[in-house]
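The file protein38.txt contains compact mmCIF, C-alpha atoms:
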```txt
# COMPACT_ATOMS: atom_id res chain seq x y z
CA MET A 1 0.00 0.00 0.00
CA LEU A 2 1.17 3.49 -0.82
CA ASN A 3 -0.67 6.32 0.92
CA GLY A 4 -3.71 4.11 1.32
CA VAL A 5 -3.78 3.05 -2.36
CA HIS A 6 -2.81 -0.42 -3.47
CA TRP A 7 -0.34 0.23 -6.27
CA LYS A 8 -1.72 -2.39 -8.68
CA LYS A 9 -5.30 -1.27 -8.19
CA ALA A 10 -4.66 2.47 -8.43
CA VAL A 11 -5.86 2.42 -12.03
CA ARG A 12 -8.55 0.16 -13.38
CA HIS A 13 -8.41 -0.46 -17.06
CA ALA A 14 -10.39 -2.16 -19.76
CA ALA A 15 -10.12 -2.26 -23.52
CA LYS A 16 -12.68 -2.31 -26.27
CA THR A 17 -12.15 -2.01 -29.99
CA ASP A 18 -14.44 -1.52 -32.94
CA ILE A 19 -14.09 -2.95 -36.41
CA GLY A 20 -15.01 0.35 -38.05
CA LEU A 21 -16.69 0.87 -41.41
CA ARG A 22 -14.02 -0.06 -43.96
CA ARG A 23 -12.67 -3.50 -43.08
CA ALA A 24 -13.94 -7.00 -42.42
CA ASN A 25 -11.33 -7.43 -39.67
CA ASN A 26 -10.46 -5.32 -36.64
CA GLN A 27 -7.14 -3.52 -37.02
CA ASP A 28 -7.09 -1.84 -33.60
CA SER A 29 -4.50 -2.97 -31.07
CA HIS A 30 -3.33 -2.18 -27.56
CA ILE A 31 -0.93 -3.33 -24.87
CA VAL A 32 -0.83 -2.88 -21.09
CA VAL A 33 2.40 -3.21 -19.10
CA LEU A 34 1.84 -3.05 -15.35
CA ALA A 35 4.71 -2.22 -13.02
CA GLU A 36 6.02 -5.31 -11.24
CA THR A 37 6.56 -3.75 -7.80
CA PRO A 38 5.45 -0.70 -5.80
CA ARG A 39 8.89 0.86 -6.28
CA ARG A 40 8.74 0.44 -10.08
CA TRP A 41 5.24 1.91 -10.04
CA LEU A 42 6.50 5.01 -8.27
CA GLU A 43 9.50 5.30 -10.61
CA ARG A 44 7.85 4.51 -13.95
CA GLY A 45 4.15 3.86 -13.47
CA HIS A 46 2.13 1.59 -15.73
CA LEU A 47 2.31 1.73 -19.54
CA PHE A 48 -0.74 1.82 -21.82
CA VAL A 49 -0.31 1.96 -25.60
CA VAL A 50 -3.19 2.21 -28.07
CA ALA A 51 -2.91 1.91 -31.85
CA ASP A 52 -5.93 2.69 -33.99
CA GLY A 53 -6.04 0.63 -37.17
CA ARG A 54 -5.56 2.59 -40.38
CA GLY A 55 -8.66 1.22 -42.07
CA ALA A 56 -7.73 1.67 -45.72
CA PRO A 57 -4.14 0.34 -46.05
CA ALA A 58 -3.91 -3.42 -46.50
CA ALA A 59 -1.13 -3.67 -43.91
CA GLY A 60 -2.88 -1.39 -41.40
CA GLY A 61 -3.49 -4.32 -39.06
CA VAL A 62 0.19 -5.27 -39.09
CA ALA A 63 1.23 -1.69 -38.34
CA SER A 64 -1.35 -1.45 -35.58
CA ARG A 65 -0.09 -4.66 -33.92
CA ARG A 66 3.58 -3.75 -34.23
CA ALA A 67 3.30 -0.26 -32.77
CA PRO A 68 2.26 -1.29 -29.22
CA GLU A 69 4.69 -4.23 -29.21
CA THR A 70 7.58 -2.06 -30.38
CA HIS A 71 6.89 0.76 -27.94
CA SER A 72 6.52 -1.59 -24.98
CA LYS A 73 9.81 -3.31 -25.85
CA SER A 74 11.53 0.05 -26.15
CA TYR A 75 10.05 1.15 -22.81
CA LYS A 76 11.23 -2.04 -21.07
CA LYS A 77 14.66 -1.99 -22.72
CA ARG A 78 15.31 1.58 -21.64
CA ASN A 79 14.27 0.97 -18.04
CA ASN A 80 17.05 3.22 -16.71
CA LYS A 81 15.56 6.29 -18.39
CA PRO A 82 12.58 8.40 -17.33
CA PRO A 83 9.35 7.19 -18.98
CA PRO A 84 9.13 9.95 -21.63
CA LEU A 85 12.70 9.26 -22.78
CA ALA A 86 12.17 5.51 -22.65
CA MET A 87 9.31 5.93 -25.10
CA GLU A 88 11.55 7.58 -27.67
CA HIS A 89 11.96 5.16 -30.49
CA ASP A 90 14.48 5.05 -33.30
CA GLY A 91 13.13 2.28 -35.49
CA TYR A 92 12.11 -1.32 -34.98
CA GLU A 93 14.26 -3.28 -32.60
```
Final structure tokens representation of the file:
Amino acid sequence: MLNGVHWKKAVRHAAKTDIGLRRANNQDSHIVVLAETPRRWLERGHLFVVADGRGAPAAGGVASRRAPETHSKSYKKRNNKPPPLAMEHDGYE
């Protein structure tokens, strides 16, 4: 507990996507990375990444899936940097 708030329950989250009007498949994607410990929560918080599918491009679903995966990997890899700097991304890794 931190100041009366359980660190894992400080934020409730849910996800819902919509197929949209242009595709037969849903191209939306997201990822949630919860801090492992109270200390990590205080230092870096939780990470939520949302990627809205592009709709028209044929590879929009691929791009939408790769974006959250890539950003979460970058965030985890750069765990010694403050969260905004850890989110900086210089290409696929």
Kindly list the centre and edge lengths in Å, rounded to one decimal, for the axis-aligned box that covers all listed atoms of stretch 60-71 of chain A plus 5 Å on each of its six sides, as lines of an AutoDock Vina configuration file.
```
center_x = 2.0
center_y = -2.3
center_z = -34.7
size_x = 21.1
size_y = 16.0
size_z = 23.5
```
>> as number ranges by chain, please: the residues near A:Ala51 (cut-off 9 Å, only C-alpha atoms, same-chain neighbours under 5 positions excluded).
In response: A: 27-31, 63-68
> With all atoms listed in the file as the basis for distance, which of A:Gly61, A:Gly53, A:Arg40, A:Glu69 is at the shortest distance from A:Gly20?
Replying inline: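 The shortest atom-to-atom distance to A:Gly20 comes from A:Gly53.
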>> For A:Glu36, find every residue with an atom within 10 Å (counting only C-alpha atoms), except residues of its own chain fewer than 2 positions away, and show them as a PyMOL selection string.
In response: chain A and resi 7-8+33-34+38-41+45-46
Would you mind exporting C-alpha atoms of the selected residues as a short mmCIF file (atom, residue, chain, number, x, y, z; two decimals), in the coordinates of the input?
```cif
data_model
loop_
_atom_site.label_atom_id
_atom_site.label_comp_id
_atom_site.auth_asym_id
_atom_site.auth_seq_id
_atom_site.Cartn_x
_atom_site.Cartn_y
_atom_site.Cartn_z
CA TRP A 7 -0.34 0.23 -6.27
CA LYS A 8 -1.72 -2.39 -8.68
CA VAL A 33 2.40 -3.21 -19.10
CA LEU A 34 1.84 -3.05 -15.35
CA PRO A 38 5.45 -0.70 -5.80
CA ARG A 39 8.89 0.86 -6.28
CA ARG A 40 8.74 0.44 -10.08
CA TRP A 41 5.24 1.91 -10.04
CA GLY A 45 4.15 3.86 -13.47
CA HIS A 46 2.13 1.59 -15.73
#
```
>> Measuring between only C-alpha atoms, which one of A:Asn25, A:Arg44, A:Val11, A:Thr37 shows the shortest distance to A:Pro84?
In response: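 The closest residue to A:Pro84 is A:Arg44.
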>> Report, in Å to a single decimal, how far apart atom CA of A:Pro83 and atom CA of A:Val49 are.
In response: 12.8 Å
Just need stretch 55-84 of chain A in a file, please: N, CA, C and O atoms, as a PDB file, in the first residue's frame.
```pdb
ATOM      1  N   GLY A  55      -7.456   1.353 -41.258  1.00  0.00           N
ATOM      2  CA  GLY A  55      -8.660   1.221 -42.069  1.00  0.00           C
ATOM      3  C   GLY A  55      -8.384   0.908 -43.525  1.00  0.00           C
ATOM      4  O   GLY A  55      -8.562  -0.208 -43.959  1.00  0.00           O
ATOM      5  N   ALA A  56      -7.907   1.851 -44.274  1.00  0.00           N
ATOM      6  CA  ALA A  56      -7.733   1.666 -45.720  1.00  0.00           C
ATOM      7  C   ALA A  56      -6.511   0.828 -46.109  1.00  0.00           C
ATOM      8  O   ALA A  56      -6.633  -0.076 -46.915  1.00  0.00           O
ATOM      9  N   PRO A  57      -5.305   1.106 -45.579  1.00  0.00           N
ATOM     10  CA  PRO A  57      -4.141   0.341 -46.047  1.00  0.00           C
ATOM     11  C   PRO A  57      -4.257  -1.153 -45.732  1.00  0.00           C
ATOM     12  O   PRO A  57      -4.722  -1.542 -44.669  1.00  0.00           O
ATOM     13  N   ALA A  58      -3.828  -1.971 -46.675  1.00  0.00           N
ATOM     14  CA  ALA A  58      -3.914  -3.423 -46.503  1.00  0.00           C
ATOM     15  C   ALA A  58      -3.102  -3.901 -45.308  1.00  0.00           C
ATOM     16  O   ALA A  58      -3.465  -4.861 -44.651  1.00  0.00           O
ATOM     17  N   ALA A  59      -1.986  -3.253 -45.022  1.00  0.00           N
ATOM     18  CA  ALA A  59      -1.131  -3.671 -43.906  1.00  0.00           C
ATOM     19  C   ALA A  59      -1.410  -2.866 -42.637  1.00  0.00           C
ATOM     20  O   ALA A  59      -0.610  -2.871 -41.713  1.00  0.00           O
ATOM     21  N   GLY A  60      -2.546  -2.195 -42.575  1.00  0.00           N
ATOM     22  CA  GLY A  60      -2.882  -1.394 -41.398  1.00  0.00           C
ATOM     23  C   GLY A  60      -2.933  -2.212 -40.124  1.00  0.00           C
ATOM     24  O   GLY A  60      -2.531  -1.762 -39.060  1.00  0.00           O
ATOM     25  N   GLY A  61      -3.422  -3.445 -40.231  1.00  0.00           N
ATOM     26  CA  GLY A  61      -3.487  -4.318 -39.056  1.00  0.00           C
ATOM     27  C   GLY A  61      -2.113  -4.708 -38.558  1.00  0.00           C
ATOM     28  O   GLY A  61      -1.874  -4.779 -37.352  1.00  0.00           O
ATOM     29  N   VAL A  62      -1.187  -4.934 -39.476  1.00  0.00           N
ATOM     30  CA  VAL A  62       0.189  -5.272 -39.093  1.00  0.00           C
ATOM     31  C   VAL A  62       0.825  -4.084 -38.383  1.00  0.00           C
ATOM     32  O   VAL A  62       1.439  -4.226 -37.321  1.00  0.00           O
ATOM     33  N   ALA A  63       0.671  -2.900 -38.949  1.00  0.00           N
ATOM     34  CA  ALA A  63       1.232  -1.691 -38.336  1.00  0.00           C
ATOM     35  C   ALA A  63       0.626  -1.449 -36.960  1.00  0.00           C
ATOM     36  O   ALA A  63       1.336  -1.116 -36.006  1.00  0.00           O
ATOM     37  N   SER A  64      -0.671  -1.659 -36.850  1.00  0.00           N
ATOM     38  CA  SER A  64      -1.353  -1.452 -35.581  1.00  0.00           C
ATOM     39  C   SER A  64      -0.873  -2.434 -34.510  1.00  0.00           C
ATOM     40  O   SER A  64      -0.750  -2.077 -33.346  1.00  0.00           O
ATOM     41  N   ARG A  65      -0.597  -3.666 -34.889  1.00  0.00           N
ATOM     42  CA  ARG A  65      -0.086  -4.658 -33.924  1.00  0.00           C
ATOM     43  C   ARG A  65       1.353  -4.362 -33.543  1.00  0.00           C
ATOM     44  O   ARG A  65       1.746  -4.526 -32.392  1.00  0.00           O
ATOM     45  N   ARG A  66       2.159  -3.962 -34.498  1.00  0.00           N
ATOM     46  CA  ARG A  66       3.583  -3.755 -34.235  1.00  0.00           C
ATOM     47  C   ARG A  66       3.853  -2.527 -33.377  1.00  0.00           C
ATOM     48  O   ARG A  66       4.806  -2.520 -32.599  1.00  0.00           O
ATOM     49  N   ALA A  67       3.059  -1.498 -33.515  1.00  0.00           N
ATOM     50  CA  ALA A  67       3.303  -0.263 -32.770  1.00  0.00           C
ATOM     51  C   ALA A  67       3.293  -0.485 -31.247  1.00  0.00           C
ATOM     52  O   ALA A  67       4.259  -0.136 -30.570  1.00  0.00           O
ATOM     53  N   PRO A  68       2.238  -1.069 -30.664  1.00  0.00           N
ATOM     54  CA  PRO A  68       2.262  -1.288 -29.218  1.00  0.00           C
ATOM     55  C   PRO A  68       3.384  -2.234 -28.779  1.00  0.00           C
ATOM     56  O   PRO A  68       4.034  -2.006 -27.758  1.00  0.00           O
ATOM     57  N   GLU A  69       3.618  -3.293 -29.559  1.00  0.00           N
ATOM     58  CA  GLU A  69       4.692  -4.231 -29.214  1.00  0.00           C
ATOM     59  C   GLU A  69       6.041  -3.528 -29.210  1.00  0.00           C
ATOM     60  O   GLU A  69       6.845  -3.696 -28.289  1.00  0.00           O
ATOM     61  N   THR A  70       6.300  -2.750 -30.244  1.00  0.00           N
ATOM     62  CA  THR A  70       7.584  -2.064 -30.382  1.00  0.00           C
ATOM     63  C   THR A  70       7.784  -1.040 -29.271  1.00  0.00           C
ATOM     64  O   THR A  70       8.854  -0.964 -28.679  1.00  0.00           O
ATOM     65  N   HIS A  71       6.756  -0.259 -28.983  1.00  0.00           N
ATOM     66  CA  HIS A  71       6.891   0.757 -27.939  1.00  0.00           C
ATOM     67  C   HIS A  71       7.047   0.130 -26.556  1.00  0.00           C
ATOM     68  O   HIS A  71       7.813   0.638 -25.733  1.00  0.00           O
ATOM     69  N   SER A  72       6.363  -0.963 -26.291  1.00  0.00           N
ATOM     70  CA  SER A  72       6.516  -1.595 -24.978  1.00  0.00           C
ATOM     71  C   SER A  72       7.907  -2.208 -24.831  1.00  0.00           C
ATOM     72  O   SER A  72       8.511  -2.140 -23.765  1.00  0.00           O
ATOM     73  N   LYS A  73       8.443  -2.779 -25.913  1.00  0.00           N
ATOM     74  CA  LYS A  73       9.812  -3.313 -25.853  1.00  0.00           C
ATOM     75  C   LYS A  73      10.819  -2.202 -25.625  1.00  0.00           C
ATOM     76  O   LYS A  73      11.760  -2.341 -24.836  1.00  0.00           O
ATOM     77  N   SER A  74      10.638  -1.095 -26.315  1.00  0.00           N
ATOM     78  CA  SER A  74      11.526   0.053 -26.155  1.00  0.00           C
ATOM     79  C   SER A  74      11.468   0.574 -24.717  1.00  0.00           C
ATOM     80  O   SER A  74      12.490   0.875 -24.104  1.00  0.00           O
ATOM     81  N   TYR A  75      10.260   0.670 -24.178  1.00  0.00           N
ATOM     82  CA  TYR A  75      10.050   1.146 -22.811  1.00  0.00           C
ATOM     83  C   TYR A  75      10.745   0.236 -21.802  1.00  0.00           C
ATOM     84  O   TYR A  75      11.425   0.703 -20.886  1.00  0.00           O
ATOM     85  N   LYS A  76      10.597  -1.077 -21.989  1.00  0.00           N
ATOM     86  CA  LYS A  76      11.231  -2.035 -21.071  1.00  0.00           C
ATOM     87  C   LYS A  76      12.747  -2.030 -21.226  1.00  0.00           C
ATOM     88  O   LYS A  76      13.477  -2.097 -20.236  1.00  0.00           O
ATOM     89  N   LYS A  77      13.219  -1.965 -22.455  1.00  0.00           N
ATOM     90  CA  LYS A  77      14.663  -1.990 -22.718  1.00  0.00           C
ATOM     91  C   LYS A  77      15.364  -0.778 -22.112  1.00  0.00           C
ATOM     92  O   LYS A  77      16.469  -0.893 -21.598  1.00  0.00           O
ATOM     93  N   ARG A  78      14.712   0.345 -22.154  1.00  0.00           N
ATOM     94  CA  ARG A  78      15.309   1.584 -21.638  1.00  0.00           C
ATOM     95  C   ARG A  78      14.811   1.863 -20.219  1.00  0.00           C
ATOM     96  O   ARG A  78      14.455   2.985 -19.886  1.00  0.00           O
ATOM     97  N   ASN A  79      14.834   0.849 -19.386  1.00  0.00           N
ATOM     98  CA  ASN A  79      14.272   0.975 -18.036  1.00  0.00           C
ATOM     99  C   ASN A  79      15.079   1.864 -17.108  1.00  0.00           C
ATOM    100  O   ASN A  79      14.647   2.169 -16.012  1.00  0.00           O
ATOM    101  N   ASN A  80      16.249   2.310 -17.531  1.00  0.00           N
ATOM    102  CA  ASN A  80      17.047   3.216 -16.706  1.00  0.00           C
ATOM    103  C   ASN A  80      16.753   4.678 -17.029  1.00  0.00           C
ATOM    104  O   ASN A  80      17.304   5.571 -16.397  1.00  0.00           O
ATOM    105  N   LYS A  81      15.893   4.928 -18.004  1.00  0.00           N
ATOM    106  CA  LYS A  81      15.556   6.292 -18.394  1.00  0.00           C
ATOM    107  C   LYS A  81      14.179   6.668 -17.872  1.00  0.00           C
ATOM    108  O   LYS A  81      13.330   5.804 -17.649  1.00  0.00           O
ATOM    109  N   PRO A  82      13.937   7.966 -17.708  1.00  0.00           N
ATOM    110  CA  PRO A  82      12.585   8.401 -17.327  1.00  0.00           C
ATOM    111  C   PRO A  82      11.578   7.968 -18.402  1.00  0.00           C
ATOM    112  O   PRO A  82      11.932   7.874 -19.584  1.00  0.00           O
ATOM    113  N   PRO A  83      10.335   7.692 -18.024  1.00  0.00           N
ATOM    114  CA  PRO A  83       9.355   7.187 -18.979  1.00  0.00           C
ATOM    115  C   PRO A  83       9.263   7.951 -20.309  1.00  0.00           C
ATOM    116  O   PRO A  83       9.255   7.318 -21.360  1.00  0.00           O
ATOM    117  N   PRO A  84       9.219   9.284 -20.319  1.00  0.00           N
ATOM    118  CA  PRO A  84       9.128   9.952 -21.631  1.00  0.00           C
ATOM    119  C   PRO A  84      10.321   9.651 -22.539  1.00  0.00           C
ATOM    120  O   PRO A  84      10.152   9.469 -23.744  1.00  0.00           O
TER     121      PRO A  84
END
```
